[in-house]
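Source file: protein.cif. Holds: mmCIF, C-alpha atoms.
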data_structure
#
loop_
_atom_site.group_PDB
_atom_site.id
_atom_site.type_symbol
_atom_site.label_atom_id
_atom_site.label_comp_id
_atom_site.auth_asym_id
_atom_site.auth_seq_id
_atom_site.Cartn_x
_atom_site.Cartn_y
_atom_site.Cartn_z
ATOM 1 C CA MET A 1 0.000 0.000 0.000
ATOM 2 C CA MET A 2 3.049 2.289 0.090
ATOM 3 C CA TRP A 3 2.641 3.095 -3.598
ATOM 4 C CA LEU A 4 -0.586 5.094 -3.098
ATOM 5 C CA PRO A 5 0.995 8.304 -1.683
ATOM 6 C CA GLY A 6 3.581 8.170 -4.414
ATOM 7 C CA LEU A 7 0.856 7.871 -7.026
ATOM 8 C CA LEU A 8 -1.025 10.815 -5.564
ATOM 9 C CA LEU A 9 2.180 12.841 -5.456
ATOM 10 C CA GLY A 10 2.793 12.007 -9.088
ATOM 11 C CA ILE A 11 -0.684 13.191 -10.060
ATOM 12 C CA MET A 12 -0.220 16.425 -8.128
ATOM 13 C CA ALA A 13 3.116 16.996 -9.822
ATOM 14 C CA LEU A 14 1.470 16.434 -13.183
ATOM 15 C CA VAL A 15 -1.183 19.054 -12.448
ATOM 16 C CA GLY A 16 1.426 21.450 -11.180
ATOM 17 C CA HIS A 17 3.467 20.948 -14.326
ATOM 18 C CA SER A 18 0.408 21.652 -16.485
ATOM 19 C CA GLU A 19 -0.282 24.957 -14.708
ATOM 20 C CA GLN A 20 3.351 26.033 -14.684
ATOM 21 C CA GLY A 21 3.839 24.984 -18.306
ATOM 22 C CA CYS A 22 1.140 27.286 -19.708
ATOM 23 C CA SER A 23 2.199 29.649 -22.458
ATOM 24 C CA GLY A 24 0.782 32.975 -23.545
ATOM 25 C CA GLU A 25 -2.333 34.687 -22.292
ATOM 26 C CA TYR A 26 -5.927 35.356 -23.141
ATOM 27 C CA HIS A 27 -6.539 37.946 -25.868
ATOM 28 C CA PHE A 28 -9.502 40.278 -26.081
ATOM 29 C CA GLY A 29 -10.950 41.631 -29.336
ATOM 30 C CA ILE A 30 -9.037 39.208 -31.589
ATOM 31 C CA ASN A 31 -10.662 36.540 -33.749
ATOM 32 C CA TYR A 32 -9.251 33.776 -35.950
ATOM 33 C CA PRO A 33 -11.943 33.221 -38.602
ATOM 34 C CA ASP A 34 -10.211 30.371 -40.445
ATOM 35 C CA ASP A 35 -9.401 26.746 -39.576
ATOM 36 C CA ASN A 36 -12.559 26.063 -37.560
ATOM 37 C CA LEU A 37 -12.753 22.532 -36.151
ATOM 38 C CA GLU A 38 -15.987 22.744 -34.240
ATOM 39 C CA THR A 39 -18.385 25.296 -32.755
ATOM 40 C CA LEU A 40 -19.772 24.487 -29.306
ATOM 41 C CA GLU A 41 -22.968 26.064 -28.013
ATOM 42 C CA ASP A 42 -23.602 27.267 -24.449
ATOM 43 C CA SER A 43 -19.979 27.528 -23.391
ATOM 44 C CA GLY A 44 -20.177 29.397 -20.099
ATOM 45 C CA SER A 45 -16.731 30.991 -19.918
ATOM 46 C CA PRO A 46 -13.402 31.301 -21.731
ATOM 47 C CA GLN A 47 -11.931 28.777 -19.286
ATOM 48 C CA GLU A 48 -14.628 26.279 -20.225
ATOM 49 C CA CYS A 49 -13.922 26.914 -23.925
ATOM 50 C CA GLN A 50 -10.208 26.327 -23.338
ATOM 51 C CA THR A 51 -10.942 23.086 -21.491
ATOM 52 C CA SER A 52 -12.972 21.891 -24.485
ATOM 53 C CA CYS A 53 -9.999 22.659 -26.706
ATOM 54 C CA GLN A 54 -7.627 20.708 -24.475
ATOM 55 C CA ALA A 55 -9.984 17.720 -24.644
ATOM 56 C CA ASN A 56 -9.695 17.703 -28.446
ATOM 57 C CA THR A 57 -6.335 16.350 -29.579
ATOM 58 C CA THR A 58 -6.379 18.326 -32.847
ATOM 59 C CA CYS A 59 -7.361 21.652 -31.267
ATOM 60 C CA MET A 60 -4.582 24.244 -31.147
ATOM 61 C CA GLY A 61 -6.602 27.283 -30.071
ATOM 62 C CA TRP A 62 -10.051 28.625 -29.264
ATOM 63 C CA VAL A 63 -12.276 31.686 -29.606
ATOM 64 C CA TRP A 64 -15.078 32.412 -27.146
ATOM 65 C CA VAL A 65 -17.898 34.887 -27.893
ATOM 66 C CA PRO A 66 -19.486 36.223 -24.674
ATOM 67 C CA THR A 67 -22.648 37.550 -26.336
ATOM 68 C CA THR A 68 -23.598 34.173 -27.828
ATOM 69 C CA LYS A 69 -21.708 31.847 -25.446
ATOM 70 C CA LYS A 70 -20.267 30.075 -28.459
ATOM 71 C CA CYS A 71 -16.869 28.383 -28.376
ATOM 72 C CA GLN A 72 -14.973 27.895 -31.628
ATOM 73 C CA LEU A 73 -12.206 25.299 -31.631
ATOM 74 C CA LYS A 74 -9.363 25.966 -34.074
ATOM 75 C CA SER A 75 -6.909 23.593 -35.765
ATOM 76 C CA ARG A 76 -4.415 26.454 -35.809
ATOM 77 C CA MET A 77 -4.266 30.133 -34.862
ATOM 78 C CA SER A 78 -3.625 32.006 -38.115
ATOM 79 C CA LYS A 79 -4.692 35.250 -39.806
ATOM 80 C CA PRO A 80 -5.870 37.104 -36.702
ATOM 81 C CA LYS A 81 -8.489 39.820 -37.173
ATOM 82 C CA THR A 82 -9.915 42.375 -34.809
ATOM 83 C CA ALA A 83 -13.354 41.596 -33.443
ATOM 84 C CA ARG A 84 -15.658 43.666 -31.303
ATOM 85 C CA ASN A 85 -16.298 41.199 -28.472
ATOM 86 C CA THR A 86 -14.260 37.997 -28.296
ATOM 87 C CA VAL A 87 -11.831 36.203 -25.965
ATOM 88 C CA SER A 88 -9.282 33.880 -27.538
ATOM 89 C CA GLY A 89 -6.177 31.936 -26.687
ATOM 90 C CA LYS A 90 -3.928 29.060 -27.564
ATOM 91 C CA ARG A 91 -4.530 25.538 -26.310
ATOM 92 C CA ASP A 92 -2.078 26.038 -23.429
ATOM 93 C CA ALA A 93 -2.782 29.719 -22.703
ATOM 94 C CA CYS A 94 -2.449 30.683 -19.058
ATOM 95 C CA PRO A 95 -5.955 31.056 -17.547
ATOM 96 C CA MET A 96 -7.030 34.344 -16.058
ATOM 97 C CA SER A 97 -6.243 34.141 -12.366
ATOM 98 C CA THR A 98 -8.005 37.318 -11.251
ATOM 99 C CA GLY A 99 -10.975 39.379 -12.266
ATOM 100 C CA GLY A 100 -14.479 38.415 -13.249
ATOM 101 C CA PRO A 101 -16.859 39.511 -16.005
ATOM 102 C CA VAL A 102 -16.514 43.115 -17.198
ATOM 103 C CA ASP A 103 -19.631 44.828 -18.537
ATOM 104 C CA GLY A 104 -19.248 47.044 -21.575
ATOM 105 C CA GLY A 105 -19.695 50.802 -21.599
ATOM 106 C CA TRP A 106 -20.477 53.251 -24.402
ATOM 107 C CA SER A 107 -17.922 55.659 -25.865
ATOM 108 C CA ASP A 108 -18.859 59.247 -26.677
ATOM 109 C CA TRP A 109 -20.878 59.814 -29.835
ATOM 110 C CA GLU A 110 -18.929 60.408 -33.037
ATOM 111 C CA GLY A 111 -19.686 63.495 -35.136
ATOM 112 C CA TRP A 112 -22.742 63.592 -37.397
ATOM 113 C CA SER A 113 -22.360 62.228 -40.930
ATOM 114 C CA VAL A 114 -23.030 64.155 -44.135
ATOM 115 C CA CYS A 115 -26.719 64.045 -45.059
ATOM 116 C CA GLY A 116 -27.788 61.211 -47.339
ATOM 117 C CA GLN A 117 -30.328 60.910 -50.154
ATOM 118 C CA ASP A 118 -33.043 60.146 -47.587
ATOM 119 C CA CYS A 119 -32.467 63.531 -45.949
ATOM 120 C CA GLN A 120 -31.153 61.837 -42.805
ATOM 121 C CA ARG A 121 -27.831 62.023 -41.049
ATOM 122 C CA THR A 122 -26.354 59.545 -38.555
ATOM 123 C CA ARG A 123 -23.813 59.270 -35.784
ATOM 124 C CA THR A 124 -22.392 56.206 -34.021
ATOM 125 C CA ARG A 125 -20.709 55.129 -30.809
ATOM 126 C CA ALA A 126 -18.787 52.027 -29.756
ATOM 127 C CA CYS A 127 -19.119 49.683 -26.806
ATOM 128 C CA ASP A 128 -15.464 49.952 -25.837
ATOM 129 C CA GLN A 129 -15.369 52.075 -22.665
ATOM 130 C CA PRO A 130 -14.665 49.412 -21.491
ATOM 131 C CA THR A 131 -15.010 46.513 -23.920
ATOM 132 C CA PRO A 132 -17.063 43.615 -22.458
ATOM 133 C CA LYS A 133 -14.815 40.843 -21.153
ATOM 134 C CA LEU A 134 -15.165 37.364 -19.712
ATOM 135 C CA GLY A 135 -18.876 37.139 -20.291
ATOM 136 C CA GLY A 136 -19.689 40.674 -19.268
ATOM 137 C CA SER A 137 -22.817 42.256 -20.720
ATOM 138 C CA PHE A 138 -22.699 44.109 -24.010
ATOM 139 C CA CYS A 139 -23.940 47.689 -23.993
ATOM 140 C CA SER A 140 -27.691 48.168 -24.076
ATOM 141 C CA ASP A 141 -29.520 50.656 -26.345
ATOM 142 C CA GLU A 142 -28.471 51.541 -29.889
ATOM 143 C CA ASN A 143 -25.013 52.261 -31.275
ATOM 144 C CA MET A 144 -26.463 54.558 -33.974
ATOM 145 C CA GLN A 145 -28.692 57.623 -33.947
ATOM 146 C CA LYS A 146 -30.477 59.114 -36.944
ATOM 147 C CA GLU A 147 -32.161 62.455 -37.401
ATOM 148 C CA ALA A 148 -33.644 64.571 -40.174
ATOM 149 C CA CYS A 149 -31.298 67.040 -41.838
ATOM 150 C CA SER A 150 -31.830 70.748 -42.027
ATOM 151 C CA GLY A 151 -29.892 73.630 -43.486
ATOM 152 C CA THR A 152 -27.217 73.730 -46.143
ATOM 153 C CA TYR A 153 -26.239 70.072 -46.473
ATOM 154 C CA CYS A 154 -29.642 68.515 -47.059
ATOM 155 C CA PRO A 155 -30.160 67.006 -50.556
ATOM 156 C CA GLY A 156 -33.162 66.427 -52.780
ATOM 157 C CA GLN A 157 -36.494 68.058 -51.971
ATOM 158 C CA CYS A 158 -35.687 68.695 -48.316
ATOM 159 C CA SER A 159 -34.155 71.848 -46.910
ATOM 160 C CA VAL A 160 -31.442 72.890 -49.318
ATOM 161 C CA LEU A 161 -29.271 75.958 -49.526
ATOM 162 C CA GLN A 162 -31.783 78.793 -49.478
ATOM 163 C CA THR A 163 -30.908 82.024 -51.256
ATOM 164 C CA SER A 164 -32.983 85.066 -52.151
ATOM 165 C CA SER A 165 -31.380 85.172 -55.613
ATOM 166 C CA PRO A 166 -28.961 83.003 -57.631
ATOM 167 C CA THR A 167 -25.402 83.359 -56.411
ATOM 168 C CA THR A 168 -23.524 81.404 -59.086
ATOM 169 C CA GLN A 169 -21.280 83.252 -61.511
ATOM 170 C CA LEU A 170 -18.210 82.628 -63.665
ATOM 171 C CA SER A 171 -14.849 84.157 -62.910
ATOM 172 C CA ASP A 172 -13.998 85.419 -66.446
ATOM 173 C CA GLU A 173 -15.686 88.839 -66.567
ATOM 174 C CA ASP A 174 -14.493 89.510 -70.116
ATOM 175 C CA HIS A 175 -15.945 86.205 -71.362
ATOM 176 C CA PRO A 176 -19.050 85.596 -69.232
ATOM 177 C CA TRP A 177 -19.763 82.201 -70.750
ATOM 178 C CA ARG A 178 -16.637 80.624 -69.294
ATOM 179 C CA GLY A 179 -14.507 80.573 -66.162
ATOM 180 C CA ASN A 180 -14.181 79.054 -62.728
ATOM 181 C CA ILE A 181 -17.405 78.548 -60.799
ATOM 182 C CA VAL A 182 -17.928 81.021 -57.967
ATOM 183 C CA MET A 183 -20.858 80.590 -55.595
ATOM 184 C CA GLY A 184 -21.309 83.708 -53.523
ATOM 185 C CA ASP A 185 -17.705 84.796 -53.127
ATOM 186 C CA LEU A 186 -16.315 81.254 -52.742
ATOM 187 C CA HIS A 187 -14.674 79.153 -55.436
ATOM 188 C CA LEU A 188 -15.998 75.660 -56.060
ATOM 189 C CA CYS A 189 -13.549 72.790 -55.563
ATOM 190 C CA ALA A 190 -13.192 70.507 -58.619
ATOM 191 C CA ASP A 191 -13.480 67.411 -56.452
ATOM 192 C CA GLY A 192 -16.758 65.789 -57.584
ATOM 193 C CA TRP A 193 -17.437 68.472 -60.236
ATOM 194 C CA ASP A 194 -19.025 66.786 -63.275
ATOM 195 C CA LEU A 195 -21.026 67.300 -66.476
ATOM 196 C CA LEU A 196 -24.445 67.217 -64.789
ATOM 197 C CA ALA A 197 -23.486 69.964 -62.353
ATOM 198 C CA ALA A 198 -21.938 71.978 -65.221
ATOM 199 C CA GLN A 199 -25.193 71.585 -67.176
ATOM 200 C CA VAL A 200 -27.156 73.076 -64.263
ATOM 201 C CA ALA A 201 -24.648 75.923 -63.900
ATOM 202 C CA CYS A 202 -24.853 76.879 -67.584
ATOM 203 C CA ALA A 203 -28.662 76.819 -67.567
ATOM 204 C CA GLN A 204 -28.736 78.854 -64.356
ATOM 205 C CA LEU A 205 -26.641 81.528 -66.052
ATOM 206 C CA GLY A 206 -28.943 81.635 -69.081
ATOM 207 C CA LEU A 207 -26.355 79.977 -71.299
ATOM 208 C CA GLY A 208 -26.426 76.909 -73.520
ATOM 209 C CA ARG A 209 -25.188 73.413 -72.804
ATOM 210 C CA PRO A 210 -21.679 72.936 -71.390
ATOM 211 C CA TRP A 211 -18.980 72.461 -73.991
ATOM 212 C CA GLU A 212 -16.197 71.750 -71.568
ATOM 213 C CA VAL A 213 -16.006 70.787 -67.885
ATOM 214 C CA THR A 214 -12.738 72.187 -66.642
ATOM 215 C CA GLY A 215 -10.419 71.721 -63.704
ATOM 216 C CA PRO A 216 -7.425 73.572 -62.254
ATOM 217 C CA GLY A 217 -5.219 75.625 -64.540
ATOM 218 C CA ARG A 218 -7.810 76.151 -67.279
ATOM 219 C CA PHE A 219 -8.682 79.669 -66.116
ATOM 220 C CA PRO A 220 -6.825 82.199 -63.966
ATOM 221 C CA ALA A 221 -7.572 81.906 -60.250
ATOM 222 C CA PRO A 222 -6.422 83.693 -57.101
ATOM 223 C CA LYS A 223 -3.124 82.450 -55.714
ATOM 224 C CA PHE A 224 -4.870 81.342 -52.544
ATOM 225 C CA PRO A 225 -8.550 80.870 -53.447
ATOM 226 C CA VAL A 226 -11.090 80.391 -50.685
ATOM 227 C CA TYR A 227 -13.166 77.296 -51.419
ATOM 228 C CA ARG A 228 -16.720 76.431 -50.588
ATOM 229 C CA ASN A 229 -16.886 73.452 -48.230
ATOM 230 C CA THR A 230 -19.465 71.582 -50.330
ATOM 231 C CA THR A 231 -19.704 70.501 -53.964
ATOM 232 C CA PRO A 232 -23.073 70.318 -55.792
ATOM 233 C CA VAL A 233 -24.120 66.813 -56.813
ATOM 234 C CA CYS A 234 -26.831 67.333 -59.442
ATOM 235 C CA SER A 235 -29.240 65.227 -61.472
ATOM 236 C CA GLY A 236 -29.140 67.796 -64.304
ATOM 237 C CA THR A 237 -32.782 68.838 -63.861
ATOM 238 C CA GLU A 238 -32.288 71.432 -61.122
ATOM 239 C CA ASP A 239 -32.656 75.119 -62.004
ATOM 240 C CA SER A 240 -29.642 76.193 -59.931
ATOM 241 C CA LEU A 241 -26.577 74.722 -58.263
ATOM 242 C CA GLU A 242 -28.006 75.812 -54.923
ATOM 243 C CA LYS A 243 -30.893 73.354 -55.427
ATOM 244 C CA CYS A 244 -28.583 70.364 -55.949
ATOM 245 C CA GLN A 245 -27.517 67.996 -53.229
ATOM 246 C CA GLN A 246 -24.522 69.417 -51.393
ATOM 247 C CA ARG A 247 -21.716 66.957 -50.680
ATOM 248 C CA LYS A 248 -18.990 67.894 -48.210
ATOM 249 C CA THR A 249 -15.673 68.655 -49.887
ATOM 250 C CA PRO A 250 -12.402 67.246 -48.495
ATOM 251 C CA GLU A 251 -10.378 69.897 -46.732
ATOM 252 C CA PRO A 252 -8.157 71.308 -47.942
ATOM 253 C CA CYS A 253 -9.238 71.159 -51.589
ATOM 254 C CA SER A 254 -6.429 69.414 -53.460
ATOM 255 C CA SER A 255 -8.010 69.307 -56.936
ATOM 256 C CA GLY A 256 -8.139 73.060 -57.599
ATOM 257 C CA PRO A 257 -11.061 75.204 -58.793
ATOM 258 C CA ALA A 258 -13.933 73.811 -60.862
ATOM 259 C CA GLY A 259 -14.806 75.535 -64.125
ATOM 260 C CA VAL A 260 -16.920 75.298 -67.244
ATOM 261 C CA VAL A 261 -17.206 76.574 -70.804
ATOM 262 C CA CYS A 262 -20.863 77.023 -71.738
ATOM 263 C CA SER A 263 -22.349 77.441 -75.187
ATOM 264 C CA ARG A 264 -23.073 81.112 -75.749
ATOM 265 C CA VAL A 265 -26.340 80.292 -77.532
ATOM 266 C CA LEU A 266 -29.532 79.105 -75.823
ATOM 267 C CA HIS A 267 -32.794 78.399 -77.672
ATOM 268 C CA GLY A 268 -35.823 78.279 -75.412
ATOM 269 C CA ASP A 269 -39.530 79.115 -75.291
ATOM 270 C CA SER A 270 -38.800 82.819 -75.016
ATOM 271 C CA GLY A 271 -36.553 82.869 -78.062
ATOM 272 C CA ILE A 272 -32.837 82.791 -78.766
ATOM 273 C CA LYS A 273 -30.368 84.031 -76.192
ATOM 274 C CA LEU A 274 -26.761 85.020 -76.784
ATOM 275 C CA ASP A 275 -24.615 85.298 -73.657
ATOM 276 C CA GLY A 276 -27.818 85.255 -71.609
ATOM 277 C CA GLN A 277 -29.502 88.083 -73.551
ATOM 278 C CA LEU A 278 -32.443 87.721 -75.961
ATOM 279 C CA VAL A 279 -31.573 88.185 -79.643
ATOM 280 C CA CYS A 280 -33.696 90.761 -81.435
ATOM 281 C CA VAL A 281 -35.625 89.523 -84.492
ATOM 282 C CA LYS A 282 -34.520 92.540 -86.508
ATOM 283 C CA ASP A 283 -31.866 91.612 -89.070
ATOM 284 C CA PHE A 284 -31.961 87.954 -87.950
ATOM 285 C CA MET A 285 -31.598 86.194 -91.295
ATOM 286 C CA ASP A 286 -30.842 82.701 -92.605
ATOM 287 C CA LEU A 287 -27.077 83.048 -92.119
ATOM 288 C CA GLU A 288 -27.577 83.886 -88.459
ATOM 289 C CA ALA A 289 -30.049 81.006 -88.137
ATOM 290 C CA ILE A 290 -27.515 78.563 -89.626
ATOM 291 C CA ALA A 291 -24.859 79.730 -87.167
ATOM 292 C CA VAL A 292 -27.249 79.330 -84.224
ATOM 293 C CA CYS A 293 -28.335 75.863 -85.325
ATOM 294 C CA ARG A 294 -24.759 74.697 -85.685
ATOM 295 C CA GLN A 295 -23.980 76.120 -82.255
ATOM 296 C CA LEU A 296 -26.877 74.057 -80.901
ATOM 297 C CA GLY A 297 -25.531 70.912 -82.552
ATOM 298 C CA TYR A 298 -27.756 70.809 -85.645
ATOM 299 C CA GLY A 299 -26.662 70.707 -89.256
ATOM 300 C CA SER A 300 -28.354 73.805 -90.607
ATOM 301 C CA GLY A 301 -31.457 75.983 -90.320
ATOM 302 C CA GLU A 302 -33.310 79.023 -91.508
ATOM 303 C CA ALA A 303 -34.879 82.091 -89.962
ATOM 304 C CA ALA A 304 -38.586 81.924 -89.165
ATOM 305 C CA ALA A 305 -41.192 84.382 -87.973
ATOM 306 C CA GLY A 306 -40.846 85.434 -84.376
ATOM 307 C CA SER A 307 -37.101 84.760 -84.384
ATOM 308 C CA THR A 308 -37.565 81.043 -83.930
ATOM 309 C CA VAL A 309 -35.302 78.660 -85.771
ATOM 310 C CA VAL A 310 -36.257 75.723 -87.931
ATOM 311 C CA THR A 311 -33.548 73.034 -87.780
ATOM 312 C CA ASP A 312 -32.936 69.924 -89.804
#

Could you write out this structure as structure tokens?
Amino acid sequence: MMWLPGLLLGIMALVGHSEQGCSGEYHFGINYPDDNLETLEDSGSPQECQTSCQANTTCMGWVWVPTTKKCQLKSRMSKPKTARNTVSGKRDACPMSTGGPVDGGWSDWEGWSVCGQDCQRTRTRACDQPTPKLGGSFCSDENMQKEACSGTYCPGQCSVLQTSSPTTQLSDEDHPWRGNIVMGDLHLCADGWDLLAAQVACAQLGLGRPWEVTGPGRFPAPKFPVYRNTTPVCSGTEDSLEKCQQRKTPEPCSSGPAGVVCSRVLHGDSGIKLDGQLVCVKDFMDLEAIAVCRQLGYGSGEAAAGSTVVTD
């Protein structure tokens, strides 16, 4: 019977060796999405998940998710990725010796987003002050807030930039059909400037369709221009750039001033306009009609009563 104490001593030494031979530690907020051996439901703690791993001879690591109590056994620990609420470790990771569950807490709200097409803006917060650990509760309530937009940055049919009169003009005073776009007294950044917005700008100024959408260097600009902090995003049907959706422009503007070259001729219900002014019917003959039609993209034309133009 003398062998019994020795056997017990040997078992105790084995346990002691297992505890002292642990390697590494538990990790929080790290997941290993690949090499999944098995997913166990209702795993009550990271220690229980680790024990399940040690009972599986092919398991080299584990990931425990406190919110779902799921334990994922891994054949290897590769390609780690950040995760919002996980505890993970190797097969022989040293168990946590102190501390119990840690409930999560909300961070401060982030700033409001730019308004979207639905005339709403959002802001978010994270459950990381602190991050839930060891089965602690995840934050209650929502991580996102949404509200209706108002003021300058609202797109579509909602509250848009309100002005008592059009403020858009072109910078080339000697050639009023071309130049950099100036809204109020601020230059428009070329970032996001496109043909649809140029089409609205030309129509707003009483000019014809845009011939050229220009960027930096096409027209003279101040050495240090002051830029508007939004760029119009238009459908092409608006009657002014101020009525388009306004998208926030990166600061500082790195793409230079936006510009346009508009057709000088516009043919509408009221008649023919040249540089925004109506053309008088007096002395408007076939040669002038041909020139106007070609300017509008037609092959030819002839003068008609009332200063309208017949095109082919």

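Of the residues listed (A:Phe224, A:Trp193, A:Phe219, A:Trp211), A:Trp193 shows the shortest atom-to-atom separation from Ser255 in chain A; distances use only C-alpha atoms.
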
Query raised in the report: Written as a list in words, what is the full residue list that the PyMOL selection byres ((chain A and resi 179) around 8) yields on the file shown?
Result: Leu170, Ser171, Asp172, His175, Pro176, Trp177, Arg178, Asn180, Ile181, Phe219, Gly259, Val260 and Val261 of chain A

Query - Evaluate the PyMOL selection byres ((chain A and resi 54-68) around 10) and report residues as number ranges by chain - result: A: 26-33, 35-53, 69-78, 83-93, 101, 132-138

Query raised in the report: What does the distance from CA of Ala126 in chain A to CA of Arg247 in chain A come to in Å, to one decimal?
Result: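 Atom-to-atom, CA of Ala126 in chain A and CA of Arg247 in chain A are spaced 25.9 Å apart.
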
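Among the candidate residues A:Leu287, A:Leu188, A:Cys293, A:Val182, the one lying nearest to Thr249 in chain A is A:Leu188, with distances computed using all atoms listed in the file.
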